[in-house]
Amino acid sequence: MKVANIIKNCKEKELAIMDLPDTQPLKNEIKVKVVKVPLTTGDVAMMNMGSKKQKVVGQFYSGEVVSLGRDVKEYKVGDRVCGMHKSGTLSEYINISNKSVIHRIPDEISYEASVALLFGGSAALYFLKKTLNQKRKLWILINGASGEVGLIALQLMKTYGHHVTAVSRNEKFAILEKYGADRCIDYTQEKIEKYLDQYDVVFDAVGKLNVNREVAHMSKNSEFITTHVGLDLIGGIVKNWIFGRVKIKMGIAGFKKSDIETLFSLYSVGGIKEVIDNRFELKEINKALDRVKSGSKVGTVIIDL
């Protein structure tokens, strides 16, 4: 079977299509013929980290169940499923544990739509779940609003009745407004610091803002949420813990089956939509990788297997 494997070419890491032996599922595993995979900024980050364990790239998938281990009773051959698989998903077939994050795809949702919601949607829910359920209307600024996390976060916030300012480039304003942005700021033309005291929540969906710098401009009791995790955040967190000025939240997003259920429910009633930037075949994997790295994409890059 063909897989997209991480290789090192000179100083750069890229992906190569390789043939690996196909294997049958163990007694508690489900074998899935993969149909769609999102190539995400999270995948690029994992490649940059240089994990020795994972060589096949990809964290999420949608596909069809083709065989079952003898102890698997809750799924059947032919089921359309999607989920997360830590051992890499850019592969024609994967064997996944029946205890992993896996969910049947409802009839009204396509393979592509389901998988386009997974990374951005699950991450957005992880960071913003408490914010979404606030009873009062909040003013929220999303940095990186045109990415796979930012666009789902934007739609979630609007569905729950909050006011959203989207930070991106001017050429992306039309699509951000299409998906509900009340206001757009071009970060190449304006410094967002002068606006930050207007917001209850600042969500850095791409983890690129300087926490210490931005927090200094925010109002007391507001909240700064970032997808970035690093030692450079410690100073700002300690300072704010001592003086109690702004709440700071960071972390590595967790993915739960209940989050997929929430996303599918919202999708079914029109609360959120998938946004596809581009589609590539497996043989075009490095073109897809370049697109993800470019910083120009809007929404999710999909690989068709």
# chains A, B, ... in the order shown; residues from 1 in each chain; ligands from 1
>>> select_by_dssp(residues="region 31-176 of chain A", states="alpha helix (DSSP H)", output="count of residues only")
47
>>> closest_residue(among="A:Ile260, A:Ala16, A:Val56, A:Val301", to="His103 (chain A)", atoms="only C-alpha atoms")
A:Ile260
>>> residues_around(residues="Lys220 (chain A)", least_positions_apart="6", cutoff="9 Å", atoms="only C-alpha atoms", output="list of chain:residue names")
A:Asp197, A:Gly244, A:Arg245, A:Val246, A:Lys247
>>> write_last_selection(atoms="all heavy atoms", output="CSV table (one decimal), in the first residue's frame")
chain,number,residue,atom,x,y,z
A,197,ASP,N,-7.7,46.5,23.8
A,197,ASP,CA,-8.5,46.9,25.0
A,197,ASP,C,-10.0,46.9,24.7
A,197,ASP,O,-10.8,47.0,25.7
A,197,ASP,CB,-8.1,48.2,25.6
A,197,ASP,CG,-8.3,49.4,24.6
A,197,ASP,OD1,-8.7,49.1,23.4
A,197,ASP,OD2,-8.1,50.5,25.0
A,244,GLY,N,-2.6,39.3,38.4
A,244,GLY,CA,-4.1,39.0,38.2
A,244,GLY,C,-4.7,39.9,37.2
A,244,GLY,O,-5.9,40.2,37.3
A,245,ARG,N,-4.0,40.3,36.1
A,245,ARG,CA,-4.6,41.3,35.2
A,245,ARG,C,-5.4,40.6,34.1
A,245,ARG,O,-6.5,41.0,33.8
A,245,ARG,CB,-3.4,42.1,34.6
A,245,ARG,CG,-3.9,43.3,33.9
A,245,ARG,CD,-2.8,44.2,33.5
A,245,ARG,NE,-3.3,45.4,32.7
A,245,ARG,CZ,-3.6,45.3,31.4
A,245,ARG,NH1,-3.5,44.2,30.8
A,245,ARG,NH2,-4.1,46.4,30.8
A,246,VAL,N,-4.7,39.7,33.4
A,246,VAL,CA,-5.4,39.1,32.2
A,246,VAL,C,-5.2,37.5,32.4
A,246,VAL,O,-4.1,37.1,32.7
A,246,VAL,CB,-4.7,39.5,30.9
A,246,VAL,CG1,-5.2,38.7,29.7
A,246,VAL,CG2,-4.9,41.0,30.7
A,247,LYS,N,-6.3,36.8,32.0
A,247,LYS,CA,-6.2,35.3,32.1
A,247,LYS,C,-5.5,34.9,30.8
A,247,LYS,O,-5.8,35.4,29.7
A,247,LYS,CB,-7.6,34.7,32.2
A,247,LYS,CG,-8.4,35.1,33.4
A,247,LYS,CD,-9.8,34.6,33.3
A,247,LYS,CE,-10.6,35.0,34.5
A,247,LYS,NZ,-12.0,34.6,34.4
>>> select_by_dssp(residues="region 124-292 of chain A", states="strand (DSSP E or B)", output="ChimeraX atom specification")
/A:139-143,163-168,183-186,201-204,223-226,247-249,276-281
>>> write_last_selection(atoms="C-alpha atoms", output="JSON list (two decimals), in the first residue's frame")
[["chain", "number", "residue", "atom", "x", "y", "z"],
["A", 139, "TRP", "CA", -16.31, 40.82, 21.84],
["A", 140, "ILE", "CA", -13.71, 38.43, 20.46],
["A", 141, "LEU", "CA", -10.65, 38.97, 18.26],
["A", 142, "ILE", "CA", -9.31, 35.98, 16.31],
["A", 143, "ASN", "CA", -5.75, 36.20, 14.97],
["A", 163, "HIS", "CA", -19.15, 39.70, 18.10],
["A", 164, "VAL", "CA", -16.05, 38.65, 16.14],
["A", 165, "THR", "CA", -13.16, 40.63, 14.68],
["A", 166, "ALA", "CA", -11.04, 38.61, 12.24],
["A", 167, "VAL", "CA", -7.33, 39.36, 11.77],
["A", 168, "SER", "CA", -5.84, 38.31, 8.43],
["A", 183, "ARG", "CA", -14.99, 43.40, 11.45],
["A", 184, "CYS", "CA", -11.69, 42.60, 9.73],
["A", 185, "ILE", "CA", -8.20, 43.93, 10.44],
["A", 186, "ASP", "CA", -5.28, 43.59, 8.02],
["A", 201, "VAL", "CA", -11.18, 37.51, 24.46],
["A", 202, "VAL", "CA", -8.17, 37.44, 22.12],
["A", 203, "PHE", "CA", -7.74, 34.04, 20.46],
["A", 204, "ASP", "CA", -4.43, 33.51, 18.66],
["A", 223, "GLU", "CA", -8.61, 36.54, 28.36],
["A", 224, "PHE", "CA", -5.74, 35.68, 26.02],
["A", 225, "ILE", "CA", -5.95, 32.21, 24.45],
["A", 226, "THR", "CA", -3.18, 30.81, 22.25],
["A", 247, "LYS", "CA", -6.19, 35.34, 32.08],
["A", 248, "ILE", "CA", -3.90, 33.33, 29.80],
["A", 249, "LYS", "CA", -4.79, 29.92, 28.38],
["A", 276, "ILE", "CA", -11.79, 23.86, 1.51],
["A", 277, "ASP", "CA", -8.70, 25.73, 0.34],
["A", 278, "ASN", "CA", -7.47, 23.17, -2.18],
["A", 279, "ARG", "CA", -7.51, 19.50, -3.08],
["A", 280, "PHE", "CA", -4.50, 17.38, -4.05],
["A", 281, "GLU", "CA", -3.94, 13.75, -5.01]]
>>> closest_residue(among="A:Val292, A:Met218, A:Leu209, A:Leu282", to="Leu196 (chain A)", atoms="only C-alpha atoms")
A:Met218
>>> residues_around(residues="region 83-95 of chain A", least_positions_apart="4", cutoff="7 Å", atoms="only C-alpha atoms", output="mmCIF file with N, CA, C and O atoms, in the first residue's frame")
data_model
loop_
_atom_site.group_PDB
_atom_site.id
_atom_site.type_symbol
_atom_site.label_atom_id
_atom_site.label_comp_id
_atom_site.auth_asym_id
_atom_site.auth_seq_id
_atom_site.Cartn_x
_atom_site.Cartn_y
_atom_site.Cartn_z
ATOM 1 N N MET A 1 0.847 -1.200 0.000
ATOM 2 C CA MET A 1 0.000 0.000 0.000
ATOM 3 C C MET A 1 0.880 1.247 0.000
ATOM 4 O O MET A 1 2.002 1.238 0.491
ATOM 5 N N LYS A 2 0.350 2.339 -0.583
ATOM 6 C CA LYS A 2 1.111 3.576 -0.689
ATOM 7 C C LYS A 2 0.874 4.454 0.536
ATOM 8 O O LYS A 2 -0.255 4.582 1.016
ATOM 9 N N VAL A 3 1.969 5.071 1.020
ATOM 10 C CA VAL A 3 1.897 5.981 2.164
ATOM 11 C C VAL A 3 2.749 7.205 1.869
ATOM 12 O O VAL A 3 3.654 7.165 1.035
ATOM 13 N N ALA A 4 2.453 8.304 2.561
ATOM 14 C CA ALA A 4 3.283 9.508 2.480
ATOM 15 C C ALA A 4 4.207 9.512 3.680
ATOM 16 O O ALA A 4 3.776 9.702 4.821
ATOM 17 N N PRO A 25 -6.025 -6.269 10.514
ATOM 18 C CA PRO A 25 -6.291 -5.723 11.843
ATOM 19 C C PRO A 25 -6.118 -6.767 12.946
ATOM 20 O O PRO A 25 -6.422 -7.950 12.750
ATOM 21 N N GLU A 29 -8.946 -4.188 16.459
ATOM 22 C CA GLU A 29 -8.722 -3.114 15.496
ATOM 23 C C GLU A 29 -9.742 -3.131 14.361
ATOM 24 O O GLU A 29 -10.356 -4.162 14.056
ATOM 25 N N ILE A 30 -9.845 -1.967 13.729
ATOM 26 C CA ILE A 30 -10.706 -1.769 12.565
ATOM 27 C C ILE A 30 -9.814 -1.368 11.391
ATOM 28 O O ILE A 30 -8.989 -0.466 11.529
ATOM 29 N N LYS A 31 -9.977 -2.027 10.259
ATOM 30 C CA LYS A 31 -9.210 -1.658 9.070
ATOM 31 C C LYS A 31 -10.047 -0.716 8.210
ATOM 32 O O LYS A 31 -11.194 -1.037 7.856
ATOM 33 N N VAL A 32 -9.468 0.444 7.894
ATOM 34 C CA VAL A 32 -10.187 1.485 7.151
ATOM 35 C C VAL A 32 -9.479 1.766 5.838
ATOM 36 O O VAL A 32 -8.251 1.945 5.807
ATOM 37 N N LYS A 33 -10.241 1.767 4.744
ATOM 38 C CA LYS A 33 -9.728 2.255 3.467
ATOM 39 C C LYS A 33 -9.868 3.778 3.491
ATOM 40 O O LYS A 33 -10.987 4.296 3.514
ATOM 41 N N VAL A 34 -8.755 4.473 3.523
ATOM 42 C CA VAL A 34 -8.780 5.927 3.685
ATOM 43 C C VAL A 34 -9.229 6.592 2.388
ATOM 44 O O VAL A 34 -8.772 6.232 1.301
ATOM 45 N N VAL A 37 -7.923 12.901 3.657
ATOM 46 C CA VAL A 37 -7.076 13.279 4.792
ATOM 47 C C VAL A 37 -6.818 14.784 4.718
ATOM 48 O O VAL A 37 -6.479 15.293 3.647
ATOM 49 N N GLN A 54 6.957 8.577 14.470
ATOM 50 C CA GLN A 54 5.995 8.683 13.385
ATOM 51 C C GLN A 54 6.679 9.079 12.092
ATOM 52 O O GLN A 54 7.246 10.144 11.969
ATOM 53 N N VAL A 56 4.928 8.156 8.907
ATOM 54 C CA VAL A 56 3.798 8.451 8.041
ATOM 55 C C VAL A 56 3.095 9.680 8.595
ATOM 56 O O VAL A 56 2.751 9.737 9.771
ATOM 57 N N VAL A 57 2.893 10.687 7.756
ATOM 58 C CA VAL A 57 2.316 11.940 8.230
ATOM 59 C C VAL A 57 0.784 11.856 8.238
ATOM 60 O O VAL A 57 0.191 10.985 7.612
ATOM 61 N N GLY A 58 0.147 12.789 8.954
ATOM 62 C CA GLY A 58 -1.316 12.845 9.002
ATOM 63 C C GLY A 58 -1.861 12.422 10.351
ATOM 64 O O GLY A 58 -1.368 11.457 10.959
ATOM 65 N N GLN A 59 -2.861 13.149 10.822
ATOM 66 C CA GLN A 59 -3.463 12.845 12.126
ATOM 67 C C GLN A 59 -4.936 12.476 12.032
ATOM 68 O O GLN A 59 -5.481 11.851 12.931
ATOM 69 N N PHE A 60 -5.590 12.899 10.935
ATOM 70 C CA PHE A 60 -7.034 12.697 10.814
ATOM 71 C C PHE A 60 -7.351 11.999 9.499
ATOM 72 O O PHE A 60 -6.546 11.995 8.574
ATOM 73 N N TYR A 61 -8.541 11.440 9.396
ATOM 74 C CA TYR A 61 -8.917 10.681 8.205
ATOM 75 C C TYR A 61 -10.433 10.564 8.114
ATOM 76 O O TYR A 61 -11.161 10.727 9.098
ATOM 77 N N SER A 62 -10.904 10.246 6.917
ATOM 78 C CA SER A 62 -12.250 9.711 6.738
ATOM 79 C C SER A 62 -12.135 8.576 5.735
ATOM 80 O O SER A 62 -11.274 8.594 4.857
ATOM 81 N N VAL A 101 -10.278 7.654 18.870
ATOM 82 C CA VAL A 101 -11.279 8.668 18.554
ATOM 83 C C VAL A 101 -11.796 8.390 17.146
ATOM 84 O O VAL A 101 -11.172 8.727 16.142
ATOM 85 N N ILE A 102 -12.939 7.729 17.076
ATOM 86 C CA ILE A 102 -13.536 7.323 15.802
ATOM 87 C C ILE A 102 -15.041 7.571 15.882
ATOM 88 O O ILE A 102 -15.653 7.416 16.956
ATOM 89 N N HIS A 103 -15.632 7.941 14.765
ATOM 90 C CA HIS A 103 -17.052 8.277 14.762
ATOM 91 C C HIS A 103 -17.644 7.917 13.401
ATOM 92 O O HIS A 103 -17.020 8.146 12.365
ATOM 93 N N LEU A 305 -7.306 10.282 -1.474
ATOM 94 C CA LEU A 305 -6.710 8.973 -1.671
ATOM 95 C C LEU A 305 -7.641 8.101 -2.502
ATOM 96 O O LEU A 305 -7.358 7.043 -2.900
#
>>> residues_around(residues="Ala116 (chain A)", least_positions_apart="2", cutoff="8 Å", atoms="only C-alpha atoms", output="list in words")
Pro38, Glu112, Ala113, Ser114, Leu118, Phe119, Gly120, Glu274, Val275, Ile276, Thr300 and Ile302 of chain A
>>> write_last_selection(atoms="C-alpha atoms", output="short mmCIF file (atom, residue, chain, number, x, y, z; two decimals), in the first residue's frame")
data_model
loop_
_atom_site.label_atom_id
_atom_site.label_comp_id
_atom_site.auth_asym_id
_atom_site.auth_seq_id
_atom_site.Cartn_x
_atom_site.Cartn_y
_atom_site.Cartn_z
CA PRO A 38 -6.53 16.91 5.82
CA GLU A 112 -14.66 15.60 2.66
CA ALA A 113 -16.88 17.71 4.91
CA SER A 114 -16.38 15.39 7.87
CA LEU A 118 -11.95 17.55 12.48
CA PHE A 119 -8.66 19.38 13.09
CA GLY A 120 -9.92 22.97 13.07
CA GLU A 274 -16.41 23.26 5.91
CA VAL A 275 -14.06 25.59 4.04
CA ILE A 276 -11.79 23.86 1.51
CA THR A 300 -8.33 23.19 4.90
CA ILE A 302 -7.47 18.04 1.48
#
>>> closest_residue(among="A:Asn170, A:Ser97, A:Gln155, A:Asn221", to="Leu132 (chain A)", atoms="only C-alpha atoms")
A:Gln155
>>> atom_distance(atom1="CA of Val65 (chain A)", atom2="CA of Tyr126 (chain A)")
27.8 Å
>>> closest_residue(among="A:Lys76, A:Lys257, A:Lys273, A:Lys283", to="Tyr179 (chain A)", atoms="only C-alpha atoms")
A:Lys273
>>> atom_distance(atom1="CA of Leu138 (chain A)", atom2="CA of Glu171 (chain A)")
26.4 Å
>>> atom_distance(atom1="CA of Ala253 (chain A)", atom2="CA of Ala205 (chain A)")
11.5 Å
>>> decode(residues="region 262-273 of chain A", atoms="C-alpha atoms", output="PDB file, in the first residue's frame")
ATOM      1  CA  THR A 262     -20.929  18.496  18.600  1.00  0.00           C
ATOM      2  CA  LEU A 263     -19.392  19.507  15.261  1.00  0.00           C
ATOM      3  CA  PHE A 264     -21.647  17.173  13.278  1.00  0.00           C
ATOM      4  CA  SER A 265     -24.744  18.439  15.108  1.00  0.00           C
ATOM      5  CA  LEU A 266     -23.830  22.061  14.366  1.00  0.00           C
ATOM      6  CA  TYR A 267     -23.031  21.200  10.751  1.00  0.00           C
ATOM      7  CA  SER A 268     -26.379  19.467  10.259  1.00  0.00           C
ATOM      8  CA  VAL A 269     -28.308  22.596  11.271  1.00  0.00           C
ATOM      9  CA  GLY A 270     -26.091  25.001   9.319  1.00  0.00           C
ATOM     10  CA  GLY A 271     -24.208  26.361  12.322  1.00  0.00           C
ATOM     11  CA  ILE A 272     -20.810  25.692  10.723  1.00  0.00           C
ATOM     12  CA  LYS A 273     -19.582  24.833   7.229  1.00  0.00           C
TER      13      LYS A 273
END
